[in-house]
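Student: My structure is below; once you've seen it, I'll send some questions.
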2 protein chains.
Amino acid sequence: MSLLVLKFGGTSVADIDRIRNVAAHVKREADAGHAIAVVVSAMAGHTNQLVAFVEQAWGFKERKNNGGEASAYYDGREYDTVVSSGEQVTSGLLALVLQSIGIKARSWQGWQIPLQTDAAHRSARITGLAVDELKSRMLDGEVAVVAGFQGLAPGNRISTLGRGGSDTSAVALAAALSADRCDIYTDVDGVYTTDPRVVPKAHRLDKISYEEMLEMASQGAKVLQTRSVELAMQKGVRVLVRSSFDPPDLAGKGNALGTLVCHEDEIMEQNVVSGIAYARDEAKVTLLKVADKPGVAAKVFGPLAAANINVDMIVQNVSEDGRFTDMTFTVQSADLDRALEVLRNAKNQIGYFDLRGSTDIAKVSVIGVGMRSHAGVAAQMFSALAEKGINIEAISTSEIKISVLIDAAYAELAVRTLHTLFGLDSR
Amino acid sequence: MSLLVLKFGGTSVADIDRIRNVAAHVKREADAGHAIAVVVSAMAGHTNQLVAFVEQAWGFKERKNNGGEASAYYDGREYDTVVSSGEQVTSGLLALVLQSIGIKARSWQGWQIPLQTDAAHRSARITGLAVDELKSRMLDGEVAVVAGFQGLAPGNRISTLGRGGSDTSAVALAAALSADRCDIYTDVDGVYTTDPRVVPKAHRLDKISYEEMLEMASQGAKVLQTRSVELAMQKGVRVLVRSSFDPPDLAGKGNALGTLVCHEDEIMEQNVVSGIAYARDEAKVTLLKVADKPGVAAKVFGPLAAANINVDMIVQNVSEDGRFTDMTFTVQSADLDRALEVLRNAKNQIGYFDLRGSTDIAKVSVIGVGMRSHAGVAAQMFSALAEKGINIEAISTSEIKISVLIDAAYAELAVRTLHTLFGLDSR
């Protein structure tokens with residue numbers, strides 16, 4: 001007998017027929033003799049509806065149109081009370097469906113477990129998880145159906161873990177239960193070497209290391225929430241990403257049907273590069289002729305941080321005469337207008353000749369733990385892109401990742417080129 | 001300063017605009033310096049949607065079509081988990097709307113107060129209500145927005161109080177808080193002498209006694225849930241029924257705008273008859289030639305009780321020869337087919353000649369605490385109906401009520417006749 005946590009996202013529980021399909025997956029594992037906890041999201045679209053209610057209630061648009069900082073005054077405790085109700089509904093419904101096919105089951109809300117969090121409502125962090133009663137009932141053959149995304153904050157209030165937080169609920173539960181595996185059922189059947197819509201030859205990875213998955217997630221692959229991968233890595237939870245749309249009667253053992261996210265020691269045959277990620281949601285900001293002297297970077301990035309704008313890649317050109325330099329960095333596209341405004345307002349303090357912003361860029365990243373032991377990956381990458389006439393506007397690297405900023409028009413070409421270069425095309 | 005509980009039903013919180021209207025009512029009372037708790041139902045239609053989900057999840061129809069007792073196996077704890085989410089949503093939304101207009105407010109779920117109940121899920125009874133923290137915050141100027149209908153059952157599970165249970169939540173809260181009044185805002189502006197759609201001359205009562213309201217509620221007037229009236233009577237909670245559709249800026253003091261349900265001592269000018277109720281949702285069952293001997297009633301009503309069918313009026317004719325009698329009684333129309341089946345199956349044990357069922361009946365009731373001290377009300381009633389050629393098929397009485405069963409075709413005529421007879425037509 002294994003102890004398994006299964007997590008199903010919004011599209012997997014979108015209506016009662018889909019919930020019946022979830023129950024069939026649970027039944028397969030229960031019939032195999034496993035002790036099971038299931039973590040569910042809200043029905044697809046339900047959370048958006050609830051968020052819209054909250055914004056209407058608060059008069060979000062009216063306040064924003066009047067120039068106010070609408071969200072700042074929002075009571076996160078009430079937001080969480082309203083929005084967490086979506087998971088409450090699916091947890092009760094799945095428990096009933098399981099009972100209707102003869103499987104013992106009960107629903108658990110965050111406050112009933114309790115899954116305790118800090119007071120950072122709307123994106124709370126888990127501080128404790130008491131699973132004694134839940135686990136003993138699971139071992140007794142009762143399926144624990146846990147409402148994802150929600151917890152209990154100080155003061156006995158409902159909290160939520162931020163969008164996509166059900167992944168984090170599932171991984172945290174798996175860690176607290178010392179589960180053998182955490183199966184994340186989603187609408188794709190695993191983690192691919194790159195987006196199959198861009199590269200038809202992309203293939204599903206049988207296994208991927210935590211570190212690589214973390215880079216893939218933060219570089220644009222949306223299959224798992226970044227925080228849940230961090231937590232899995234920290235707690236050593238083996239996560240299997242698989243599709244809820246696979247027929248439930250297929251044998252679901254091991255990772256035959258999905259991608260296992262695990263410690264790199266578990267991965268026997270490791271490619272140098274595991275995947276190519278790309279993102280189009282960044283924008284480039286260039287400051288021309290900034291004074292090339294100590295403290296100027298603080299003058300640029302201080303006001304941006306104060307305005308809550310995250311900066312990703314930063315490049316500072318070598319100055320020709322030692323007096324002025326050009327500085328380029330990227331922000332989320334959604335933040336571009338605000339970033340330009342902040343920098344315009346700080347022009348006198350910073351001192352620069354001109355300011356430019358552009359959204360016509362893409363970031364392409366090559367990811368693989370094999371890079372640690374293989375030199376020359378960057379050189380291979382740069383020359384392959386150069387051969388195709390693709391200009392690199394900025395570079396950033398980590399131990400297991402190389403990202404380049406390029407003209408958006410060349411994004412697909414770059415991804416395909418690198419996918420082939422590093423031997424990822426399926427045979 | 002008074003301590004007030006205000007309760008708003010589903011149509012009063014049907015969308016965000018209606019919730020804003022509720023907030024305006026709350027603001028009027030807050031501006032007057034009162035300490036306020038608001039009890040809210042789910043948005044109109046929301047509870048029905050959730051119940052439909054539960055029935056789909058359980059495969060209610062399929063089971064029923066297969067001849068199963070679908071509801072018997074239902075897990076009430078999961079039903080309550082799903083269905084209580086509607087009130088959770090409205091409580092959070094109203095708290096946000098109140099905050100958006102500058103009123104301190106927080107939502108309270110049943111488990112947070114806690115409002116404790118027994119384990120009779122789906123129609124639990126309140127067993128305890130701890131209001132210390134809630135009350136001290138109210139007296140501090142924070143509006144308590146309480147999710148109605150829901151409570152905390154043994155085992156830390158969510159319970160609900162049955163359909164219309166938010167009225168009961170409000171009255172119980174008012175009792176626990178020793179509130180000065182419990183204002184029930186609904187879609188009508190008070191309790192009428194009878195249904196104004198039947199008798200245009202019906203008028204709103206300024207006051208009505210608990211006993212009368214109880215009879216009105218159980219005889220078909222749908223303005224308040226029967227259990228909430230019982231509780232108000234038992235605890236001495238003064239209940240004001242008024243309309244949430246009245247402009248919120250009207251002075252809302254006293255009972256100028258609604259009907260006060262209170263102890264009869266508070267009612268100075270008491271009519272003999274306060275109101276005429278009627279119900280069309282009963283059906284008549286007649287057993288012809290039942291043996292007229294001890295124990296036969298038990299044989300008839302025992303199997304019906306076992307099938308959970310409530311019997312209302314019962315008439316047993318005097319037998320002519322001392323051997324056989326005819327027995328007539330009423331059940332809810334929805335239960336008629338089941339009742340007939342139960343009696344057909346028990347024919348051998350009971351022993352009767354024939355069995356008849358009919359839904360073409362109406363029950364008309366005359367209600368008033370003044371009957372206690374005024375003789376002759378029944379006689380007046382019967383002769384007035386006889387004058388109009390209306391045949392009485394059965395009679396039942398209590399200290400403050402006389403009900404007659406008549407042909408449904410004459411229901412409106414009977415109500416109008418009695419309304420005039422007892423001086424209730426508005427001048």
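Ordering of the structure tokens sets the chain letters (A, B, ...); residue numbers start at 1 within each chain; ligands are numbered from 1 in the order shown.
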I want to know what sits within 8 Å of Val404 (chain A), based on only C-alpha atoms, with residues of the same chain fewer than 6 positions away left out; could you give that as a list in words?

Tutor: Lys363, Val364, Ser365, Ile392, Glu393, Ala394, Ile395 and Ser396 of chain A

Student: Kindly export the residues of the current selection with N, CA and C atoms, as a PDB file, in the first residue's frame.

Tutor:
ATOM      1  N   LYS A 363      11.910  36.239 -24.430  1.00  0.00           N
ATOM      2  CA  LYS A 363      13.024  35.673 -23.678  1.00  0.00           C
ATOM      3  C   LYS A 363      13.036  34.171 -23.942  1.00  0.00           C
ATOM      4  N   VAL A 364      14.150  33.645 -24.377  1.00  0.00           N
ATOM      5  CA  VAL A 364      14.265  32.209 -24.651  1.00  0.00           C
ATOM      6  C   VAL A 364      15.312  31.642 -23.702  1.00  0.00           C
ATOM      7  N   SER A 365      14.950  30.538 -23.029  1.00  0.00           N
ATOM      8  CA  SER A 365      15.855  29.976 -22.013  1.00  0.00           C
ATOM      9  C   SER A 365      16.147  28.514 -22.301  1.00  0.00           C
ATOM     10  N   ILE A 392      21.171  38.854 -30.223  1.00  0.00           N
ATOM     11  CA  ILE A 392      20.919  38.712 -28.791  1.00  0.00           C
ATOM     12  C   ILE A 392      21.012  40.079 -28.133  1.00  0.00           C
ATOM     13  N   GLU A 393      19.950  40.502 -27.464  1.00  0.00           N
ATOM     14  CA  GLU A 393      19.918  41.848 -26.884  1.00  0.00           C
ATOM     15  C   GLU A 393      20.356  41.857 -25.428  1.00  0.00           C
ATOM     16  N   ALA A 394      20.217  40.703 -24.767  1.00  0.00           N
ATOM     17  CA  ALA A 394      20.658  40.621 -23.370  1.00  0.00           C
ATOM     18  C   ALA A 394      20.807  39.158 -23.008  1.00  0.00           C
ATOM     19  N   ILE A 395      21.604  38.907 -22.018  1.00  0.00           N
ATOM     20  CA  ILE A 395      21.870  37.530 -21.584  1.00  0.00           C
ATOM     21  C   ILE A 395      21.783  37.480 -20.069  1.00  0.00           C
ATOM     22  N   SER A 396      21.201  36.424 -19.531  1.00  0.00           N
ATOM     23  CA  SER A 396      21.355  36.189 -18.090  1.00  0.00           C
ATOM     24  C   SER A 396      21.506  34.692 -17.871  1.00  0.00           C
TER      25      SER A 396
END

Student: Got a sec to pull out which chain B residues are within 10 Å of chain A, counting only C-alpha atoms, and send them as an mmCIF file with C-alpha atoms, in the first residue's frame?

Tutor:
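Heads up, here's the output in result_15.cif:
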data_model
loop_
_atom_site.group_PDB
_atom_site.id
_atom_site.type_symbol
_atom_site.label_atom_id
_atom_site.label_comp_id
_atom_site.auth_asym_id
_atom_site.auth_seq_id
_atom_site.Cartn_x
_atom_site.Cartn_y
_atom_site.Cartn_z
ATOM 1 C CA ASP B 15 -26.819 40.862 -6.915
ATOM 2 C CA ILE B 16 -24.224 43.469 -5.991
ATOM 3 C CA ASP B 17 -26.643 46.364 -6.538
ATOM 4 C CA ILE B 19 -26.338 44.212 -1.643
ATOM 5 C CA ARG B 20 -25.488 47.914 -1.917
ATOM 6 C CA LEU B 50 -25.977 24.250 -5.233
ATOM 7 C CA PHE B 53 -25.190 20.175 -8.066
ATOM 8 C CA VAL B 54 -25.509 17.933 -5.013
ATOM 9 C CA GLU B 55 -28.362 15.961 -6.555
ATOM 10 C CA GLN B 56 -26.392 15.535 -9.787
ATOM 11 C CA ALA B 57 -23.308 14.465 -7.826
ATOM 12 C CA TRP B 58 -25.309 11.878 -5.941
ATOM 13 C CA GLY B 59 -27.101 10.756 -9.110
ATOM 14 C CA PHE B 60 -30.395 11.582 -7.427
ATOM 15 C CA ARG B 63 -31.357 6.360 -8.264
ATOM 16 C CA TYR B 73 -28.239 7.525 1.511
ATOM 17 C CA TYR B 74 -27.314 11.133 0.988
ATOM 18 C CA ASP B 75 -24.492 12.344 3.258
ATOM 19 C CA GLY B 76 -26.039 15.408 4.908
ATOM 20 C CA ARG B 77 -22.604 16.604 6.042
ATOM 21 C CA GLU B 78 -21.439 16.984 2.442
ATOM 22 C CA TYR B 79 -24.757 18.502 1.384
ATOM 23 C CA ASP B 80 -24.303 21.108 4.117
ATOM 24 C CA THR B 81 -20.673 21.732 3.112
ATOM 25 C CA VAL B 82 -21.723 22.521 -0.442
ATOM 26 C CA VAL B 83 -24.957 24.389 0.208
ATOM 27 C CA SER B 84 -23.679 26.598 3.063
ATOM 28 C CA SER B 85 -21.156 28.182 0.683
ATOM 29 C CA GLY B 86 -23.868 30.487 -0.682
ATOM 30 C CA GLU B 87 -24.206 32.366 2.614
ATOM 31 C CA GLN B 88 -20.420 32.450 2.969
ATOM 32 C CA VAL B 89 -20.203 34.372 -0.312
ATOM 33 C CA THR B 90 -22.864 36.962 0.560
ATOM 34 C CA SER B 91 -21.459 37.568 4.047
ATOM 35 C CA GLY B 92 -18.018 38.405 2.610
ATOM 36 C CA LEU B 93 -19.482 40.566 -0.145
ATOM 37 C CA LEU B 94 -21.682 42.575 2.233
ATOM 38 C CA ALA B 95 -18.717 43.135 4.574
ATOM 39 C CA LEU B 96 -16.731 44.494 1.602
ATOM 40 C CA VAL B 97 -19.579 46.754 0.441
ATOM 41 C CA LEU B 98 -19.971 48.127 3.975
ATOM 42 C CA GLN B 99 -16.216 48.776 4.196
ATOM 43 C CA SER B 100 -16.337 50.484 0.801
ATOM 44 C CA ILE B 101 -18.785 53.069 2.219
ATOM 45 C CA ALA B 105 -17.554 45.373 9.241
ATOM 46 C CA ARG B 106 -16.462 41.747 9.253
ATOM 47 C CA SER B 107 -18.068 38.508 8.145
ATOM 48 C CA TRP B 108 -18.753 35.607 10.517
ATOM 49 C CA GLN B 109 -19.309 32.040 9.398
ATOM 50 C CA TRP B 111 -18.145 27.852 12.675
ATOM 51 C CA GLN B 112 -16.387 31.097 13.544
ATOM 52 C CA ILE B 113 -18.994 32.396 15.981
ATOM 53 C CA GLY B 155 -17.200 16.624 14.783
ATOM 54 C CA ASN B 156 -16.284 20.092 13.514
ATOM 55 C CA ARG B 157 -18.518 19.765 10.439
ATOM 56 C CA ILE B 158 -20.663 22.432 8.796
#

Student: List every residue of region 52-227 of chain B that DSSP, applied to the backbone, labels as strand (DSSP E or B), and write the result as a PyMOL selection string.

Tutor: chain B and resi 105-108+115-117+126-129+143-147+150-153+157-160+181-186+192+204+207-209

Student: Just want the 7 Å neighbourhood of region 372-380 of chain B, counted on only C-alpha atoms, with same-chain residues fewer than 2 positions away dropped. Output as a list in words.

Tutor: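 The residues that qualify are Val272, Val369, Gly370, Phe382, Ser383, Ala384, Glu399, Ile400 and Ile402 of chain B.
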
Student: Which residues come within 10 Å of Ala35 (chain B), counting only C-alpha atoms, excluding same-chain residues fewer than 3 positions away, as a ChimeraX atom specification?

Tutor: /B:1-5,29-32,135-144,179

Student: Save out the residues we just selected, N, CA and C atoms, as a PDB file, in the first residue's frame.

Tutor:
ATOM      1  N   MET B   1     -28.616  54.160  22.352  1.00  0.00           N
ATOM      2  CA  MET B   1     -28.168  53.121  21.417  1.00  0.00           C
ATOM      3  C   MET B   1     -28.938  51.823  21.634  1.00  0.00           C
ATOM      4  N   SER B   2     -29.396  51.257  20.530  1.00  0.00           N
ATOM      5  CA  SER B   2     -30.033  49.948  20.603  1.00  0.00           C
ATOM      6  C   SER B   2     -29.114  48.907  19.974  1.00  0.00           C
ATOM      7  N   LEU B   3     -29.393  47.670  20.302  1.00  0.00           N
ATOM      8  CA  LEU B   3     -28.675  46.558  19.689  1.00  0.00           C
ATOM      9  C   LEU B   3     -29.666  45.885  18.738  1.00  0.00           C
ATOM     10  N   LEU B   4     -29.356  45.907  17.454  1.00  0.00           N
ATOM     11  CA  LEU B   4     -30.301  45.412  16.456  1.00  0.00           C
ATOM     12  C   LEU B   4     -29.709  44.261  15.638  1.00  0.00           C
ATOM     13  N   VAL B   5     -30.576  43.288  15.317  1.00  0.00           N
ATOM     14  CA  VAL B   5     -30.209  42.267  14.331  1.00  0.00           C
ATOM     15  C   VAL B   5     -31.068  42.519  13.094  1.00  0.00           C
ATOM     16  N   GLU B  29     -29.081  52.618  10.071  1.00  0.00           N
ATOM     17  CA  GLU B  29     -29.148  52.209  11.480  1.00  0.00           C
ATOM     18  C   GLU B  29     -27.831  52.509  12.195  1.00  0.00           C
ATOM     19  N   ALA B  30     -26.704  52.349  11.476  1.00  0.00           N
ATOM     20  CA  ALA B  30     -25.404  52.634  12.092  1.00  0.00           C
ATOM     21  C   ALA B  30     -25.279  54.127  12.380  1.00  0.00           C
ATOM     22  N   ASP B  31     -25.744  54.949  11.422  1.00  0.00           N
ATOM     23  CA  ASP B  31     -25.681  56.404  11.617  1.00  0.00           C
ATOM     24  C   ASP B  31     -26.536  56.834  12.816  1.00  0.00           C
ATOM     25  N   ALA B  32     -27.584  56.050  13.087  1.00  0.00           N
ATOM     26  CA  ALA B  32     -28.434  56.362  14.236  1.00  0.00           C
ATOM     27  C   ALA B  32     -27.776  55.911  15.544  1.00  0.00           C
ATOM     28  N   LYS B 135     -20.243  40.251  20.094  1.00  0.00           N
ATOM     29  CA  LYS B 135     -20.970  41.362  20.713  1.00  0.00           C
ATOM     30  C   LYS B 135     -20.015  42.491  21.094  1.00  0.00           C
ATOM     31  N   SER B 136     -18.835  42.147  21.615  1.00  0.00           N
ATOM     32  CA  SER B 136     -17.959  43.228  22.053  1.00  0.00           C
ATOM     33  C   SER B 136     -17.457  44.021  20.845  1.00  0.00           C
ATOM     34  N   ARG B 137     -17.274  43.318  19.696  1.00  0.00           N
ATOM     35  CA  ARG B 137     -16.895  44.042  18.485  1.00  0.00           C
ATOM     36  C   ARG B 137     -18.041  44.914  17.974  1.00  0.00           C
ATOM     37  N   MET B 138     -19.276  44.387  18.094  1.00  0.00           N
ATOM     38  CA  MET B 138     -20.442  45.182  17.689  1.00  0.00           C
ATOM     39  C   MET B 138     -20.534  46.462  18.511  1.00  0.00           C
ATOM     40  N   LEU B 139     -20.355  46.316  19.829  1.00  0.00           N
ATOM     41  CA  LEU B 139     -20.469  47.481  20.719  1.00  0.00           C
ATOM     42  C   LEU B 139     -19.329  48.463  20.460  1.00  0.00           C
ATOM     43  N   ASP B 140     -18.251  47.934  19.841  1.00  0.00           N
ATOM     44  CA  ASP B 140     -17.114  48.756  19.443  1.00  0.00           C
ATOM     45  C   ASP B 140     -17.347  49.447  18.100  1.00  0.00           C
ATOM     46  N   GLY B 141     -18.510  49.223  17.509  1.00  0.00           N
ATOM     47  CA  GLY B 141     -18.829  49.920  16.269  1.00  0.00           C
ATOM     48  C   GLY B 141     -18.586  49.113  15.001  1.00  0.00           C
ATOM     49  N   GLU B 142     -18.246  47.831  15.149  1.00  0.00           N
ATOM     50  CA  GLU B 142     -18.036  46.997  13.955  1.00  0.00           C
ATOM     51  C   GLU B 142     -19.311  46.220  13.661  1.00  0.00           C
ATOM     52  N   VAL B 143     -19.802  46.334  12.429  1.00  0.00           N
ATOM     53  CA  VAL B 143     -21.005  45.592  12.050  1.00  0.00           C
ATOM     54  C   VAL B 143     -20.627  44.119  11.875  1.00  0.00           C
ATOM     55  N   ALA B 144     -21.363  43.238  12.548  1.00  0.00           N
ATOM     56  CA  ALA B 144     -21.141  41.797  12.393  1.00  0.00           C
ATOM     57  C   ALA B 144     -22.012  41.301  11.247  1.00  0.00           C
ATOM     58  N   ALA B 179     -30.874  41.367  21.916  1.00  0.00           N
ATOM     59  CA  ALA B 179     -31.082  42.504  21.017  1.00  0.00           C
ATOM     60  C   ALA B 179     -32.428  43.165  21.301  1.00  0.00           C
TER      61      ALA B 179
END

Student: Which residues, written as a PyMOL selection string, have at least one atom at most 6 Å from region 6-9 of chain A, with only C-alpha atoms counted and residues fewer than 5 positions away on the same chain left out?

Tutor: chain A and resi 38-41+182-186

Student: Go ahead and save the residues from that selection, with C-alpha atoms, as a short mmCIF file (atom, residue, chain, number, x, y, z; two decimals), in the first residue's frame.

Tutor:
data_model
loop_
_atom_site.label_atom_id
_atom_site.label_comp_id
_atom_site.auth_asym_id
_atom_site.auth_seq_id
_atom_site.Cartn_x
_atom_site.Cartn_y
_atom_site.Cartn_z
CA VAL A 38 -7.48 14.24 -3.13
CA VAL A 39 -6.94 17.98 -3.38
CA VAL A 40 -9.40 19.87 -5.57
CA SER A 41 -9.56 23.33 -7.09
CA CYS A 182 1.91 13.70 -5.22
CA ASP A 183 0.08 13.29 -8.54
CA ILE A 184 -0.87 16.58 -10.14
CA TYR A 185 -3.62 15.93 -12.69
CA THR A 186 -3.88 18.72 -15.20
#

Student: DSSP on the backbone, alpha helix (DSSP H) only: what residues of region 192-318 of chain B does that give? Format it as a CSV table (one decimal) with C-alpha atoms, in the first residue's frame.

Tutor:
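Wrote selection.csv, looks like this:
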chain,number,residue,atom,x,y,z
B,210,TYR,CA,-46.4,35.3,18.3
B,211,GLU,CA,-49.2,32.8,18.5
B,212,GLU,CA,-51.1,34.3,15.6
B,213,MET,CA,-48.0,34.6,13.5
B,214,LEU,CA,-47.2,30.9,14.2
B,215,GLU,CA,-50.6,29.9,13.0
B,216,MET,CA,-50.4,32.2,10.0
B,217,ALA,CA,-47.0,30.7,9.1
B,218,SER,CA,-48.0,27.1,9.5
B,226,THR,CA,-42.4,28.6,11.4
B,227,ARG,CA,-39.4,27.6,13.5
B,228,SER,CA,-38.1,31.1,13.7
B,229,VAL,CA,-41.5,32.3,15.1
B,230,GLU,CA,-41.5,29.5,17.7
B,231,LEU,CA,-38.0,30.5,18.8
B,232,ALA,CA,-38.9,34.2,18.9
B,233,MET,CA,-42.0,33.4,21.0
B,234,GLN,CA,-39.9,31.2,23.3
B,235,LYS,CA,-37.2,33.7,23.8
B,296,VAL,CA,-57.6,1.1,13.4
B,297,ALA,CA,-56.3,4.6,13.5
B,298,ALA,CA,-52.8,3.3,14.5
B,299,LYS,CA,-53.0,0.8,11.6
B,300,VAL,CA,-53.7,3.7,9.2
B,301,PHE,CA,-51.3,6.3,10.5
B,302,GLY,CA,-48.5,4.1,11.6
B,303,PRO,CA,-47.3,3.1,8.1
B,304,LEU,CA,-47.7,6.8,6.9
B,305,ALA,CA,-45.4,8.0,9.8
B,306,ALA,CA,-42.9,5.2,9.0
